[in-house]
Amino acid sequence: MTVANWCIAAACLLPMMVALTPKVASVAGEDRYDNADPRDWAGRQAGWMKRAHAAHLNGFEALPLFIAAVILAQQAHANQDRIDILAMAFVLIRVTYSIIYISNLATLRTLVWFAGIGVSLAILAQA
């Protein structure tokens, strides 16, 4: 498996890790995570927990373009080292994006989001 393929796996797991954060933190609070009704529980959250849920959803929204870009670039036999570096950059950008989103830094979050899209498009451009 290439580094880029491992990055696809990491990018797929990242939204789930982001979603897990408020669930684990809720154990110490009054409104504990309810596995029987997780969507209702998520809808009641506020502050950083609500933003973590939104970052989790956005993580899944960013996946199709990234995954397609990596697969198409690899099928086109583009330079694998370049694909790997860009894929690692994408994962790092998405981790940064999630932290910034949870931290409520809206303008910076938007800039980092564009960087992630830009990296996916740069990979796709190699196809």
# chains A, B, ... in the order shown; residues from 1 in each chain; ligands from 1
call {"tool": "closest_atom_pairs", "arguments": {"of": "range 34-68 of chain A", "to": "range 106-120 of chain A", "cutoff": "9 Å", "atoms": "only C-alpha atoms", "output": "tab-separated table"}}
result
residue	atom	partner	partner_atom	distance
A:Ala62	CA	A:Ile117	CA	7.7
A:Leu65	CA	A:Ser120	CA	6.4
A:Phe66	CA	A:Ser120	CA	5.0
A:Ile67	CA	A:Ser120	CA	8.5
A:Ala68	CA	A:Ser120	CA	8.8
call {"tool": "write_last_selection", "arguments": {"atoms": "N, CA, C and O atoms", "output": "PDB file, in the first residue's frame"}}
result
ATOM      1  N   ALA A  62     -15.485  16.165   2.981  1.00  0.00           N
ATOM      2  CA  ALA A  62     -14.232  16.390   2.262  1.00  0.00           C
ATOM      3  C   ALA A  62     -13.661  15.116   1.650  1.00  0.00           C
ATOM      4  O   ALA A  62     -12.793  15.183   0.775  1.00  0.00           O
ATOM      5  N   LEU A  65     -13.839  13.943  -2.731  1.00  0.00           N
ATOM      6  CA  LEU A  65     -12.895  14.582  -3.653  1.00  0.00           C
ATOM      7  C   LEU A  65     -11.476  14.076  -3.401  1.00  0.00           C
ATOM      8  O   LEU A  65     -10.747  13.759  -4.349  1.00  0.00           O
ATOM      9  N   PHE A  66     -11.078  13.979  -2.143  1.00  0.00           N
ATOM     10  CA  PHE A  66      -9.734  13.513  -1.809  1.00  0.00           C
ATOM     11  C   PHE A  66      -9.511  12.073  -2.276  1.00  0.00           C
ATOM     12  O   PHE A  66      -8.513  11.766  -2.930  1.00  0.00           O
ATOM     13  N   ILE A  67     -10.443  11.200  -1.951  1.00  0.00           N
ATOM     14  CA  ILE A  67     -10.298   9.788  -2.330  1.00  0.00           C
ATOM     15  C   ILE A  67     -10.265   9.649  -3.849  1.00  0.00           C
ATOM     16  O   ILE A  67      -9.398   8.942  -4.396  1.00  0.00           O
ATOM     17  N   ALA A  68     -11.164  10.314  -4.536  1.00  0.00           N
ATOM     18  CA  ALA A  68     -11.190  10.241  -5.999  1.00  0.00           C
ATOM     19  C   ALA A  68      -9.894  10.787  -6.584  1.00  0.00           C
ATOM     20  O   ALA A  68      -9.343  10.205  -7.529  1.00  0.00           O
TER      21      ALA A  68
END
call {"tool": "closest_atom_pairs", "arguments": {"of": "range 67-109 of chain A", "to": "range 12-19 of chain A", "cutoff": "12 Å", "atoms": "only C-alpha atoms", "output": "CSV"}}
result
residue,atom,partner,partner_atom,distance
A:Ile67,CA,A:Cys12,CA,9.3
A:Phe90,CA,A:Leu14,CA,11.6
A:Val91,CA,A:Leu14,CA,8.5
A:Leu92,CA,A:Leu14,CA,10.4
A:Ile93,CA,A:Leu14,CA,11.4
A:Arg94,CA,A:Leu14,CA,8.1
A:Val95,CA,A:Leu14,CA,7.5
A:Thr96,CA,A:Leu14,CA,11.1
A:Tyr97,CA,A:Val18,CA,10.8
A:Ser98,CA,A:Val18,CA,7.3
A:Ile99,CA,A:Val18,CA,9.0
A:Ile100,CA,A:Val18,CA,11.9
A:Tyr101,CA,A:Val18,CA,10.6
A:Ile102,CA,A:Val18,CA,9.3
call {"tool": "residues_around", "arguments": {"residues": "Ala122 in chain A", "least_positions_apart": "5", "cutoff": "10 Å", "atoms": "only C-alpha atoms", "output": "PDB file with N, CA, C and O atoms, in the first residue's frame"}}
result
ATOM      1  N   PHE A  66     -11.078  13.979  -2.143  1.00  0.00           N
ATOM      2  CA  PHE A  66      -9.734  13.513  -1.809  1.00  0.00           C
ATOM      3  C   PHE A  66      -9.511  12.073  -2.276  1.00  0.00           C
ATOM      4  O   PHE A  66      -8.513  11.766  -2.930  1.00  0.00           O
ATOM      5  N   ALA A  69      -9.399  11.876  -6.037  1.00  0.00           N
ATOM      6  CA  ALA A  69      -8.166  12.476  -6.551  1.00  0.00           C
ATOM      7  C   ALA A  69      -6.993  11.506  -6.429  1.00  0.00           C
ATOM      8  O   ALA A  69      -6.226  11.318  -7.384  1.00  0.00           O
ATOM      9  N   VAL A  70      -6.852  10.891  -5.265  1.00  0.00           N
ATOM     10  CA  VAL A  70      -5.746   9.953  -5.062  1.00  0.00           C
ATOM     11  C   VAL A  70      -5.876   8.766  -6.018  1.00  0.00           C
ATOM     12  O   VAL A  70      -4.903   8.391  -6.691  1.00  0.00           O
ATOM     13  N   ALA A  73      -5.222   9.876  -9.691  1.00  0.00           N
ATOM     14  CA  ALA A  73      -3.815  10.201  -9.922  1.00  0.00           C
ATOM     15  C   ALA A  73      -2.964   8.934  -9.967  1.00  0.00           C
ATOM     16  O   ALA A  73      -2.057   8.808 -10.792  1.00  0.00           O
ATOM     17  N   ARG A  82       4.974  12.580  -5.212  1.00  0.00           N
ATOM     18  CA  ARG A  82       4.202  13.826  -5.145  1.00  0.00           C
ATOM     19  C   ARG A  82       2.800  13.559  -4.593  1.00  0.00           C
ATOM     20  O   ARG A  82       2.295  14.314  -3.751  1.00  0.00           O
ATOM     21  N   ILE A  83       2.183  12.484  -5.049  1.00  0.00           N
ATOM     22  CA  ILE A  83       0.858  12.128  -4.537  1.00  0.00           C
ATOM     23  C   ILE A  83       0.936  11.870  -3.039  1.00  0.00           C
ATOM     24  O   ILE A  83       0.090  12.347  -2.273  1.00  0.00           O
ATOM     25  N   LEU A  86       1.370  15.179  -1.061  1.00  0.00           N
ATOM     26  CA  LEU A  86       0.118  15.939  -1.036  1.00  0.00           C
ATOM     27  C   LEU A  86      -0.932  15.261  -0.173  1.00  0.00           C
ATOM     28  O   LEU A  86      -1.696  15.938   0.539  1.00  0.00           O
ATOM     29  N   ALA A  87      -0.981  13.940  -0.203  1.00  0.00           N
ATOM     30  CA  ALA A  87      -1.949  13.213   0.624  1.00  0.00           C
ATOM     31  C   ALA A  87      -1.638  13.410   2.112  1.00  0.00           C
ATOM     32  O   ALA A  87      -2.554  13.597   2.922  1.00  0.00           O
ATOM     33  N   GLY A 116      -7.303  22.583   2.146  1.00  0.00           N
ATOM     34  CA  GLY A 116      -7.609  21.167   1.953  1.00  0.00           C
ATOM     35  C   GLY A 116      -8.188  20.889   0.585  1.00  0.00           C
ATOM     36  O   GLY A 116      -7.795  19.921  -0.089  1.00  0.00           O
ATOM     37  N   ILE A 117      -9.102  21.731   0.148  1.00  0.00           N
ATOM     38  CA  ILE A 117      -9.675  21.574  -1.188  1.00  0.00           C
ATOM     39  C   ILE A 117      -8.591  21.774  -2.241  1.00  0.00           C
ATOM     40  O   ILE A 117      -8.518  21.033  -3.230  1.00  0.00           O
ATOM     41  N   ALA A 127      -3.825  13.718 -12.489  1.00  0.00           N
ATOM     42  CA  ALA A 127      -4.434  12.558 -13.161  1.00  0.00           C
ATOM     43  C   ALA A 127      -4.440  12.718 -14.677  1.00  0.00           C
ATOM     44  O   ALA A 127      -4.402  13.772 -15.215  1.00  0.00           O
TER      45      ALA A 127
END
call {"tool": "closest_residue", "arguments": {"among": "A:Leu124, A:Pro22, A:Ala36, A:Pro64", "to": "Lys50 in chain A", "atoms": "only C-alpha atoms"}}
result
A:Pro22
call {"tool": "residues_around", "arguments": {"residues": "Gly43 in chain A", "least_positions_apart": "3", "cutoff": "12 Å", "atoms": "only C-alpha atoms", "output": "tab-separated table (two decimals) with all heavy atoms, in the first residue's frame"}}
result
chain	number	residue	atom	x	y	z
A	31	ASP	N	-25.38	15.95	30.58
A	31	ASP	CA	-26.02	15.42	29.38
A	31	ASP	C	-25.09	14.39	28.74
A	31	ASP	O	-24.42	14.65	27.76
A	31	ASP	CB	-26.33	16.55	28.40
A	31	ASP	CG	-27.19	16.09	27.23
A	31	ASP	OD1	-27.75	14.98	27.29
A	31	ASP	OD2	-27.30	16.85	26.25
A	33	TYR	N	-23.65	11.21	26.70
A	33	TYR	CA	-23.92	10.68	25.37
A	33	TYR	C	-24.92	9.53	25.46
A	33	TYR	O	-24.82	8.66	26.32
A	33	TYR	CB	-22.62	10.19	24.72
A	33	TYR	CG	-22.85	9.51	23.41
A	33	TYR	CD1	-23.24	10.25	22.30
A	33	TYR	CD2	-22.69	8.14	23.26
A	33	TYR	CE1	-23.47	9.63	21.08
A	33	TYR	CE2	-22.91	7.51	22.05
A	33	TYR	CZ	-23.30	8.27	20.97
A	33	TYR	OH	-23.52	7.64	19.76
A	34	ASP	N	-25.91	9.55	24.57
A	34	ASP	CA	-26.96	8.54	24.55
A	34	ASP	C	-26.85	7.73	23.27
A	34	ASP	O	-27.25	8.19	22.20
A	34	ASP	CB	-28.33	9.23	24.63
A	34	ASP	CG	-29.48	8.24	24.66
A	34	ASP	OD1	-29.24	7.01	24.71
A	34	ASP	OD2	-30.64	8.71	24.63
A	37	ASP	N	-29.99	7.17	21.21
A	37	ASP	CA	-30.53	8.27	20.41
A	37	ASP	C	-29.42	9.28	20.13
A	37	ASP	O	-29.47	10.43	20.58
A	37	ASP	CB	-31.69	8.93	21.18
A	37	ASP	CG	-32.55	9.81	20.28
A	37	ASP	OD1	-32.28	9.88	19.06
A	37	ASP	OD2	-33.49	10.42	20.81
A	38	PRO	N	-28.42	8.88	19.37
A	38	PRO	CA	-27.24	9.74	19.19
A	38	PRO	C	-27.52	11.03	18.43
A	38	PRO	O	-26.91	12.06	18.73
A	38	PRO	CB	-26.26	8.85	18.41
A	38	PRO	CG	-27.11	7.82	17.75
A	38	PRO	CD	-28.29	7.61	18.66
A	39	ARG	N	-28.43	11.02	17.49
A	39	ARG	CA	-28.69	12.25	16.73
A	39	ARG	C	-29.40	13.30	17.57
A	39	ARG	O	-29.12	14.49	17.46
A	39	ARG	CB	-29.47	11.93	15.46
A	39	ARG	CG	-28.63	11.09	14.50
A	39	ARG	CD	-29.36	10.83	13.20
A	39	ARG	NE	-28.66	9.83	12.42
A	39	ARG	CZ	-27.76	10.11	11.48
A	39	ARG	NH1	-27.46	11.36	11.23
A	39	ARG	NH2	-27.17	9.14	10.81
A	40	ASP	N	-30.30	12.86	18.43
A	40	ASP	CA	-30.96	13.80	19.33
A	40	ASP	C	-29.95	14.39	20.30
A	40	ASP	O	-29.96	15.59	20.57
A	40	ASP	CB	-32.10	13.11	20.08
A	40	ASP	CG	-32.90	14.09	20.91
A	40	ASP	OD1	-33.38	15.10	20.34
A	40	ASP	OD2	-33.05	13.85	22.12
A	46	ALA	N	-23.99	22.22	22.52
A	46	ALA	CA	-23.67	23.62	22.26
A	46	ALA	C	-22.16	23.79	22.39
A	46	ALA	O	-21.45	22.88	22.83
A	46	ALA	CB	-24.39	24.52	23.26
A	47	GLY	N	-21.69	24.95	21.99
A	47	GLY	CA	-20.28	25.27	22.16
A	47	GLY	C	-19.36	24.35	21.39
A	47	GLY	O	-19.65	23.96	20.26
A	49	MET	N	-18.69	21.28	21.72
A	49	MET	CA	-19.22	19.96	21.38
A	49	MET	C	-20.04	20.02	20.09
A	49	MET	O	-19.96	19.11	19.26
A	49	MET	CB	-20.05	19.40	22.54
A	49	MET	CG	-19.22	19.05	23.74
A	49	MET	SD	-20.28	18.50	25.10
A	49	MET	CE	-19.40	17.04	25.60
A	50	LYS	N	-20.79	21.07	19.92
A	50	LYS	CA	-21.56	21.25	18.69
A	50	LYS	C	-20.61	21.47	17.51
A	50	LYS	O	-20.82	20.91	16.43
A	50	LYS	CB	-22.50	22.45	18.84
A	50	LYS	CG	-23.39	22.68	17.64
A	50	LYS	CD	-24.35	23.82	17.90
A	50	LYS	CE	-25.29	23.99	16.73
A	50	LYS	NZ	-26.31	25.02	16.99
A	51	ARG	N	-19.56	22.25	17.73
A	51	ARG	CA	-18.59	22.48	16.66
A	51	ARG	C	-17.84	21.20	16.31
A	51	ARG	O	-17.52	20.96	15.15
A	51	ARG	CB	-17.62	23.60	17.05
A	51	ARG	CG	-18.29	24.97	17.10
A	51	ARG	CD	-17.31	26.10	17.26
A	51	ARG	NE	-16.50	26.01	18.46
A	51	ARG	CZ	-16.86	26.45	19.66
A	51	ARG	NH1	-18.05	27.04	19.81
A	51	ARG	NH2	-16.06	26.33	20.70
A	52	ALA	N	-17.55	20.36	17.30
A	52	ALA	CA	-16.89	19.08	17.03
A	52	ALA	C	-17.78	18.21	16.15
A	52	ALA	O	-17.30	17.55	15.22
A	52	ALA	CB	-16.55	18.36	18.34
A	53	HIS	N	-19.07	18.23	16.42
A	53	HIS	CA	-19.99	17.46	15.59
A	53	HIS	C	-20.00	18.00	14.15
A	53	HIS	O	-19.97	17.23	13.18
A	53	HIS	CB	-21.41	17.48	16.18
A	53	HIS	CG	-22.39	16.70	15.38
A	53	HIS	ND1	-22.38	15.33	15.29
A	53	HIS	CD2	-23.42	17.11	14.60
A	53	HIS	CE1	-23.35	14.92	14.50
A	53	HIS	NE2	-23.99	15.98	14.07
A	54	ALA	N	-20.00	19.32	14.03
A	54	ALA	CA	-19.98	19.93	12.69
A	54	ALA	C	-18.66	19.61	11.97
A	54	ALA	O	-18.66	19.33	10.77
A	54	ALA	CB	-20.18	21.43	12.80
call {"tool": "select_by_dssp", "arguments": {"residues": "range 4-55 of chain A", "states": "alpha helix (DSSP H)", "output": "ChimeraX atom specification"}}
result
/A:4-25,38-44,47-55
call {"tool": "write_last_selection", "arguments": {"atoms": "C-alpha atoms", "output": "compact mmCIF listing (two decimals), in the first residue's frame"}}
result
# COMPACT_ATOMS: atom_id res chain seq x y z
CA ALA A 4 -1.34 8.00 -0.11
CA ASN A 5 -3.50 4.93 0.40
CA TRP A 6 -2.70 4.98 4.12
CA CYS A 7 -3.64 8.66 4.09
CA ILE A 8 -7.03 7.73 2.64
CA ALA A 9 -7.52 5.36 5.58
CA ALA A 10 -6.42 8.06 8.05
CA ALA A 11 -8.71 10.65 6.45
CA CYS A 12 -11.62 8.21 6.73
CA LEU A 13 -10.91 7.56 10.43
CA LEU A 14 -10.35 11.22 11.37
CA PRO A 15 -14.04 12.29 11.36
CA MET A 16 -14.87 9.39 13.65
CA MET A 17 -12.11 10.42 16.06
CA VAL A 18 -13.39 14.00 16.04
CA ALA A 19 -16.94 12.75 16.76
CA LEU A 20 -15.67 10.63 19.62
CA THR A 21 -14.19 13.63 21.47
CA PRO A 22 -17.45 15.21 22.70
CA LYS A 23 -18.95 11.81 23.39
CA VAL A 24 -16.10 10.92 25.72
CA ALA A 25 -16.16 14.38 27.31
CA PRO A 38 -27.24 9.74 19.19
CA ARG A 39 -28.69 12.25 16.73
CA ASP A 40 -30.96 13.80 19.33
CA TRP A 41 -28.02 14.00 21.74
CA ALA A 42 -25.85 15.70 19.10
CA GLY A 43 -28.64 18.17 18.36
CA ARG A 44 -28.74 19.27 22.01
CA GLY A 47 -20.28 25.27 22.16
CA TRP A 48 -17.23 23.20 21.33
CA MET A 49 -19.22 19.96 21.38
CA LYS A 50 -21.56 21.25 18.69
CA ARG A 51 -18.59 22.48 16.66
CA ALA A 52 -16.89 19.08 17.03
CA HIS A 53 -19.99 17.46 15.59
CA ALA A 54 -19.98 19.93 12.69
CA ALA A 55 -16.25 19.30 12.09
call {"tool": "closest_residue", "arguments": {"among": "A:Gln126, A:Asp84, A:Ser103, A:Gln45", "to": "Ser26 in chain A", "atoms": "only C-alpha atoms"}}
result
A:Gln45
